[in-house]
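**Q** Quick one: the structure is below, and I'll ask about it shortly.
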Amino acid sequence: MAFFGRTGLAALRAVRATRMQSFVATGQSKQFVRRFAGGGSTPPPGGYTGMEKVVRGVLPEDYQIVIAFGSIEFGLIFLLTRGGDSEAEPAAPVATSDASASADIPSILSDEFEEWSKVPGNLEKWEASLEDMEKTLA
């Protein structure tokens, strides 16, 4: 309120007092009625018919129907997510020809590499795999 200064503050108070006096003088009030447009659980004219008549015979209150419907949904979802065969496992990925060629070459850090490299043609295979790796990384 420091923005208005002393004269501005006095003017605001005078306006507020004038508005309050006009509300009191005209009988207006600041109360508002909130209407949510929701209907009650009164039966329609002529009563319930069909499946709703059977359900309302067992569960007469709205909250009972809501709880029953939620329980049915939860139960179905639970059964659908927990059911199934435990034997069916996902299939293993199929190895491609490049992966099988590189799988034949042992790691250079392993003890098998020395014996593997003594076989003729294996070092050429290893060099070719290094060139393929450079192409994929580039």
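Chain labels follow the order of the structure tokens: the first chain is A, the next B, and so on; residue numbering restarts at 1 in every chain, and ligands are counted from 1 in their shown order.
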I'd like the neighbourhood of A:Ile65 as number ranges by chain, where a residue qualifies if any of its atoms comes within 12 Å (using only C-alpha atoms), though same-chain residues fewer than 4 positions away should be ignored.
**A** A: 41, 52, 54-61, 69-72
**Q** Include C-alpha atoms and write out the residues we just selected as a PDB file, in the first residue's frame.
**A**
```pdb
ATOM      1  CA  SER A  41     -29.432 -41.613  -6.938  1.00  0.00           C
ATOM      2  CA  GLU A  52     -29.846 -52.114 -13.755  1.00  0.00           C
ATOM      3  CA  VAL A  54     -30.972 -56.601 -10.950  1.00  0.00           C
ATOM      4  CA  VAL A  55     -27.826 -54.694  -9.937  1.00  0.00           C
ATOM      5  CA  ARG A  56     -29.780 -52.140  -7.876  1.00  0.00           C
ATOM      6  CA  GLY A  57     -31.561 -55.008  -6.132  1.00  0.00           C
ATOM      7  CA  VAL A  58     -28.204 -56.252  -4.814  1.00  0.00           C
ATOM      8  CA  LEU A  59     -26.340 -52.919  -4.544  1.00  0.00           C
ATOM      9  CA  PRO A  60     -28.862 -50.141  -3.841  1.00  0.00           C
ATOM     10  CA  GLU A  61     -26.373 -47.328  -3.074  1.00  0.00           C
ATOM     11  CA  PHE A  69     -17.032 -51.897 -10.484  1.00  0.00           C
ATOM     12  CA  GLY A  70     -13.551 -50.889  -9.289  1.00  0.00           C
ATOM     13  CA  SER A  71     -13.016 -54.315  -7.740  1.00  0.00           C
ATOM     14  CA  ILE A  72     -14.013 -56.050 -10.963  1.00  0.00           C
TER      15      ILE A  72
END
```
**Q** Applying 12 Å and only C-alpha atoms, which residues near A:Trp126 remain after dropping the ones on its own chain fewer than 4 positions away? List them as an MDAnalysis selection string.
**A** chainID A and resid 101:108 113 116:117 119:122 130:133
**Q** Output C-alpha atoms for every residue in that selection, as a short mmCIF file (atom, residue, chain, number, x, y, z; two decimals), in the first residue's frame.
**A**
```
data_model
loop_
_atom_site.label_atom_id
_atom_site.label_comp_id
_atom_site.auth_asym_id
_atom_site.auth_seq_id
_atom_site.Cartn_x
_atom_site.Cartn_y
_atom_site.Cartn_z
CA ALA A 101 32.78 -64.65 -37.51
CA SER A 102 33.87 -62.39 -34.67
CA ALA A 103 32.76 -64.98 -32.11
CA ASP A 104 35.29 -67.43 -33.59
CA ILE A 105 38.12 -65.05 -32.80
CA PRO A 106 39.14 -65.14 -29.13
CA SER A 107 40.09 -61.99 -27.27
CA ILE A 108 43.71 -60.92 -27.63
CA PHE A 113 44.61 -66.35 -28.56
CA TRP A 116 44.59 -69.81 -32.03
CA SER A 117 47.01 -67.47 -33.82
CA VAL A 119 46.78 -71.94 -36.93
CA PRO A 120 47.40 -70.80 -40.53
CA GLY A 121 44.90 -68.22 -41.81
CA ASN A 122 43.67 -67.12 -38.38
CA LEU A 130 40.00 -55.24 -37.13
CA GLU A 131 39.38 -53.54 -40.50
CA ASP A 132 35.64 -54.25 -40.18
CA MET A 133 35.68 -52.78 -36.68
#
```
**Q** Please measure the separation of atom CA of A:Phe36 and atom CA of A:Tyr48, giving the value in Å to one decimal.
**A**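 Taking atom CA of A:Phe36 as the start and atom CA of A:Tyr48 as the end point, the length is 24.3 Å.
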